[in-house]
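The next block holds one structure in the form of structure tokens; read it before the comments.
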Amino acid sequence: MPLPTVIVPGYLESAIAYQQLATSLQELGFPTVTVPLRRRDWLPLIGGRSVAPIIQQLDKTVKQALQEHNATQVNLIGHSAGGWISRIYLGEKPYAARGKVQTSLWNAHPLVATLVTLGTPHISQERWTRWNLDFVNNNYPGAFYQNVCYVCVAGKTVLGERRRGGWLAYSSYQLTCGTGNTWGDGITPIAAAHLIGAENLVIEGVRHSPRNPGIWYGSPEPLKAWTQYLG
């Protein structure tokens, strides 16, 4: 039986944006639920604050899925920031935001069979994400847990260029990996979307977000490339 599957929304995204992806996964036989985030749930986290409130909702959703389907593990699908947030959730080191004494710990890696990250910036030069990503990469570098299958999906769609039509991608790539003139999905460069030791995939023609017009990672054709790795 396919494992229950939990979608973790990207930064400033709500669960509603992932309805079509959830439906597609259900049709493939994966019981799927999205962490029930609203866009306003992200607002207190602007400025590099603790993502613990998001992970608490993720943990609650995972536990409910396990109980409902009488399962011992789930698949996690993290879109954009949802990917590196999921890596914190897997971890066994106490997590605290800058300047906070209170720490949180989930140690959820035994509960996760496969982690798929879609257009996730696993590195960043950006101030608001830098602290959190340094925490992740210093404590859990690469495909850290051997009992978890990591699948990192990048898009090769937009070349960052310092000219009309390429500026948004150029500036976003530069903020993420330090180089603007490179390929990515329009927001996340390929160089930032992969992890050492993971199943690293590149899909041409996909845009970063489910809100983008056209094809994104969760569209029917692209998802065939990564759903084969789900448990």
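By order in the structure tokens, chains are A, B, ...; within a chain, residues start at 1; ligands start at 1, following the order shown.
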
Discussion item. Going by DSSP on the backbone, which residues of stretch 93-184 of chain A come out as strand (DSSP E or B)? List them as number ranges by chain.
Written reply: A: 95, 104, 112-118, 149-156, 158-159, 183-184

Worksheet item: Can you list, as a PyMOL selection string, every protein, DNA or RNA residue that comes within 6 Å of A:Gly184 when you count only C-alpha atoms, leaving out same-chain residues fewer than 5 positions away?
Response: chain A and resi 155-158+189-190

If you take only C-alpha atoms and a cut-off of 8 Å, which residues of stretch 113-164 of chain A touch stretch 219-229 of chain A, and what are their nearest atom pairs and distances in Å to one decimal, in chain and number order, as CSV?
residue,atom,partner,partner_atom,distance
A:Thr114,CA,A:Tyr229,CA,7.4
A:Val116,CA,A:Trp226,CA,7.7
A:Cys149,CA,A:Tyr229,CA,8.0
A:Val151,CA,A:Trp226,CA,7.4
A:Val153,CA,A:Trp226,CA,7.6

Go ahead and write the residues just picked, all heavy atoms, as a JSON list (two decimals), in the first residue's frame.
[["chain", "number", "residue", "atom", "x", "y", "z"],
["A", 114, "THR", "N", 10.31, 8.95, 2.67],
["A", 114, "THR", "CA", 10.85, 9.72, 1.55],
["A", 114, "THR", "C", 10.56, 11.19, 1.76],
["A", 114, "THR", "O", 9.44, 11.57, 2.12],
["A", 114, "THR", "CB", 10.21, 9.27, 0.22],
["A", 114, "THR", "OG1", 10.48, 7.88, 0.01],
["A", 114, "THR", "CG2", 10.78, 10.05, -0.96],
["A", 116, "VAL", "N", 10.67, 14.53, -0.51],
["A", 116, "VAL", "CA", 10.83, 15.14, -1.83],
["A", 116, "VAL", "C", 10.83, 16.65, -1.66],
["A", 116, "VAL", "O", 9.90, 17.21, -1.05],
["A", 116, "VAL", "CB", 9.69, 14.74, -2.78],
["A", 116, "VAL", "CG1", 9.85, 15.42, -4.14],
["A", 116, "VAL", "CG2", 9.63, 13.23, -2.97],
["A", 149, "CYS", "N", 14.85, 8.45, 2.15],
["A", 149, "CYS", "CA", 15.17, 8.67, 0.74],
["A", 149, "CYS", "C", 14.94, 10.14, 0.42],
["A", 149, "CYS", "O", 13.81, 10.62, 0.52],
["A", 149, "CYS", "CB", 14.29, 7.78, -0.15],
["A", 149, "CYS", "SG", 14.48, 8.11, -1.92],
["A", 151, "VAL", "N", 14.84, 13.12, -2.26],
["A", 151, "VAL", "CA", 14.70, 13.40, -3.69],
["A", 151, "VAL", "C", 14.58, 14.91, -3.86],
["A", 151, "VAL", "O", 13.63, 15.53, -3.35],
["A", 151, "VAL", "CB", 13.45, 12.71, -4.28],
["A", 151, "VAL", "CG1", 13.37, 12.96, -5.79],
["A", 151, "VAL", "CG2", 13.48, 11.21, -3.99],
["A", 153, "VAL", "N", 14.28, 18.07, -6.40],
["A", 153, "VAL", "CA", 13.87, 18.37, -7.76],
["A", 153, "VAL", "C", 14.11, 19.84, -8.06],
["A", 153, "VAL", "O", 13.66, 20.73, -7.32],
["A", 153, "VAL", "CB", 12.39, 18.02, -7.99],
["A", 153, "VAL", "CG1", 12.05, 18.09, -9.47],
["A", 153, "VAL", "CG2", 12.06, 16.64, -7.42]]

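Distances here use only C-alpha atoms; by that measure, the residue among A:Pro31, A:Gly186, A:Pro110, A:Gly166 closest to A:Asn70 is A:Pro31.
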
Discussion item. As a list in words, please: the residues near A:Asn147 (cut-off 10 Å, only C-alpha atoms, same-chain neighbours under 2 positions excluded).
Written reply: His109, Pro110, Leu111, Val112, Ala113, Thr114, Ala143, Phe144, Tyr145, Cys149 and Tyr150 of chain A

Fill in: Shell of 8 Å around A:Gly91, only C-alpha atoms, local chain residues under 2 positions omitted, as a VMD selection string
chain A and resid 87 to 89 93 105 to 109 140

Discussion item. With only C-alpha atoms as the counted atoms, please give the residues lying no more than 12 Å from A:Leu25, apart from itself and same-chain residues fewer than 2 positions off, as number ranges by chain.
Written reply: A: 2-7, 18-23, 27-34, 75, 77, 218-220, 223-224, 226-228, 230

Export of the given selection (N, CA, C and O atoms) as a CSV table (one decimal), in the first residue's frame:
chain,number,residue,atom,x,y,z
A,2,PRO,N,0.6,2.2,-0.9
A,2,PRO,CA,1.3,3.5,-0.8
A,2,PRO,C,1.2,4.2,0.5
A,2,PRO,O,0.1,4.1,1.2
A,3,LEU,N,2.2,4.8,0.9
A,3,LEU,CA,2.2,5.5,2.2
A,3,LEU,C,1.4,6.8,2.2
A,3,LEU,O,1.3,7.4,1.2
A,4,PRO,N,0.8,7.2,3.3
A,4,PRO,CA,0.2,8.5,3.4
A,4,PRO,C,1.2,9.6,3.1
A,4,PRO,O,2.4,9.4,3.5
A,5,THR,N,0.8,10.6,2.5
A,5,THR,CA,1.7,11.6,2.0
A,5,THR,C,1.3,13.0,2.4
A,5,THR,O,0.1,13.3,2.4
A,6,VAL,N,2.2,13.8,2.9
A,6,VAL,CA,2.0,15.1,3.5
A,6,VAL,C,2.7,16.2,2.7
A,6,VAL,O,3.9,16.1,2.5
A,7,ILE,N,2.0,17.2,2.2
A,7,ILE,CA,2.6,18.3,1.4
A,7,ILE,C,2.8,19.4,2.4
A,7,ILE,O,1.9,19.8,3.2
A,18,TYR,N,-2.2,24.0,-3.2
A,18,TYR,CA,-1.7,22.6,-3.5
A,18,TYR,C,-2.9,21.6,-3.7
A,18,TYR,O,-2.6,20.4,-3.7
A,19,GLN,N,-4.1,22.1,-3.9
A,19,GLN,CA,-5.2,21.2,-4.0
A,19,GLN,C,-5.1,20.3,-5.2
A,19,GLN,O,-5.4,19.1,-5.2
A,20,GLN,N,-4.6,20.9,-6.4
A,20,GLN,CA,-4.5,20.1,-7.6
A,20,GLN,C,-3.4,19.0,-7.4
A,20,GLN,O,-3.6,17.9,-7.8
A,21,LEU,N,-2.3,19.3,-6.8
A,21,LEU,CA,-1.3,18.4,-6.5
A,21,LEU,C,-1.8,17.2,-5.6
A,21,LEU,O,-1.6,16.1,-5.9
A,22,ALA,N,-2.5,17.6,-4.6
A,22,ALA,CA,-3.0,16.6,-3.7
A,22,ALA,C,-4.0,15.7,-4.4
A,22,ALA,O,-4.0,14.5,-4.2
A,23,THR,N,-4.8,16.2,-5.3
A,23,THR,CA,-5.7,15.4,-6.1
A,23,THR,C,-5.0,14.5,-7.0
A,23,THR,O,-5.4,13.3,-7.1
A,27,GLU,N,-5.1,10.4,-6.9
A,27,GLU,CA,-5.4,9.5,-8.1
A,27,GLU,C,-4.4,8.5,-8.4
A,27,GLU,O,-4.7,7.4,-8.9
A,28,LEU,N,-3.2,8.7,-7.9
A,28,LEU,CA,-2.1,7.7,-8.1
A,28,LEU,C,-2.1,6.7,-6.9
A,28,LEU,O,-1.2,5.8,-6.9
A,29,GLY,N,-3.0,6.9,-6.0
A,29,GLY,CA,-3.1,5.9,-4.9
A,29,GLY,C,-2.5,6.4,-3.6
A,29,GLY,O,-2.6,5.6,-2.6
A,30,PHE,N,-1.9,7.6,-3.5
A,30,PHE,CA,-1.3,8.1,-2.3
A,30,PHE,C,-2.3,8.9,-1.5
A,30,PHE,O,-2.8,9.9,-1.9
A,31,PRO,N,-2.7,8.4,-0.3
A,31,PRO,CA,-3.6,9.2,0.6
A,31,PRO,C,-2.8,10.5,0.9
A,31,PRO,O,-1.8,10.4,1.5
A,32,THR,N,-3.4,11.7,0.5
A,32,THR,CA,-2.6,12.9,0.6
A,32,THR,C,-3.3,14.0,1.4
A,32,THR,O,-4.5,14.2,1.2
A,33,VAL,N,-2.6,14.7,2.2
A,33,VAL,CA,-3.1,15.8,2.9
A,33,VAL,C,-2.0,16.9,2.9
A,33,VAL,O,-0.8,16.6,2.9
A,34,THR,N,-2.5,18.2,2.9
A,34,THR,CA,-1.5,19.3,3.0
A,34,THR,C,-1.6,19.9,4.3
A,34,THR,O,-2.7,20.0,4.9
A,75,ASN,N,5.3,9.9,3.4
A,75,ASN,CA,6.1,10.6,2.5
A,75,ASN,C,5.9,12.1,2.8
A,75,ASN,O,4.8,12.5,3.1
A,77,ILE,N,6.4,15.9,1.1
A,77,ILE,CA,6.7,16.7,-0.1
A,77,ILE,C,6.8,18.1,0.3
A,77,ILE,O,5.8,18.8,0.6
A,218,GLY,N,4.3,20.3,-9.6
A,218,GLY,CA,3.2,19.5,-9.3
A,218,GLY,C,2.2,19.2,-10.5
A,218,GLY,O,1.2,18.6,-10.2
A,219,SER,N,2.5,19.8,-11.6
A,219,SER,CA,1.7,19.5,-12.8
A,219,SER,C,1.7,18.1,-13.2
A,219,SER,O,2.7,17.4,-12.9
A,220,PRO,N,0.7,17.6,-13.9
A,220,PRO,CA,0.6,16.1,-14.1
A,220,PRO,C,1.8,15.5,-14.8
A,220,PRO,O,2.2,14.4,-14.4
A,223,LEU,N,5.3,15.6,-12.4
A,223,LEU,CA,5.3,14.9,-11.2
A,223,LEU,C,5.6,13.4,-11.4
A,223,LEU,O,6.0,12.7,-10.5
A,224,LYS,N,5.4,12.9,-12.7
A,224,LYS,CA,5.8,11.6,-13.0
A,224,LYS,C,7.3,11.3,-12.7
A,224,LYS,O,7.6,10.1,-12.4
A,226,TRP,N,9.1,12.4,-10.3
A,226,TRP,CA,9.5,12.2,-8.9
A,226,TRP,C,8.6,11.3,-8.0
A,226,TRP,O,9.0,10.8,-7.0
A,227,THR,N,7.3,11.1,-8.5
A,227,THR,CA,6.5,10.3,-7.7
A,227,THR,C,6.9,8.8,-7.7
A,227,THR,O,6.5,8.0,-6.8
A,228,GLN,N,7.8,8.4,-8.6
A,228,GLN,CA,8.3,7.0,-8.7
A,228,GLN,C,9.1,6.7,-7.4
A,228,GLN,O,9.3,5.5,-7.1
A,230,LEU,N,8.3,7.7,-4.3
A,230,LEU,CA,7.5,7.7,-3.1
A,230,LEU,C,7.3,6.3,-2.6
A,230,LEU,O,7.1,5.4,-3.4

Fill in: Contacts of A:Ala52 within 12 Å, only C-alpha atoms, excl. fewer than 5 positions in-chain, as a list in words
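Surrounding residues, per the criterion: Asp41, Trp42, Pro44, Leu45, Gln57, Leu58, Asp59, Ile85, Ser86, Ile88, Tyr89, Pro94, Tyr95, Ala96, Ala97, Lys100, Gln102, Thr103, Ser104, Leu105, Trp106 and Asn132 of chain A.
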
Worksheet item: Which is closer to A:Leu133 than all the others in A:Pro121, A:Gly180, A:Gly197, A:Pro213, using only C-alpha atoms?
Response: A:Pro121

Worksheet item: Which residue, A:Leu201, A:Pro36, A:Trp128, A:Gln174, has the smallest gap to A:Lys60 when you use only C-alpha atoms?
Response: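 Of the candidates, the smallest distance to A:Lys60 is held by A:Pro36.
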
Fill in: Selection near A:Leu43, 12 Å with only C-alpha atoms, sequence-local residues under 6 positions removed, as an MDAnalysis selection string
chainID A and resid 11:14 37 49:51 53:54

Item to complete: Would you list, as a VMD selection string, the residues of chain A that end up in helix (DSSP H, G or I) under DSSP run on this structure's backbone?
Response: chain A and resid 15 to 27 39 to 45 52 to 68 81 to 90 109 to 111 127 to 139 167 to 177 190 to 193 223 to 227

Fill in: For A:Asn181, the nearest of the candidates A:Leu159, A:Thr120, A:Ala17, A:Leu195, counting only C-alpha atoms
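Comparing A:Leu159, A:Thr120, A:Ala17, A:Leu195 against A:Asn181, the winner is A:Leu159.
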
Practice prompt. Give the answer as one residue: which of A:Asp185, A:Ile196, A:Arg40, A:Asn139 has the shortest atom-to-atom distance to A:Ile215, using only C-alpha atoms?
Written response: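 Smallest separation from A:Ile215 among the options: A:Asp185.
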
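Atom CA of A:Trp131 is found 22.7 Å from atom CA of A:Ala154.
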
Worksheet item: Given the choices A:Gln64, A:Ala192, A:Gly205, A:His122, which gets closest to A:Asn137 if the distance is worked out from only C-alpha atoms?
Response: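 Using only C-alpha atoms, A:Asn137 sits closest to A:His122.
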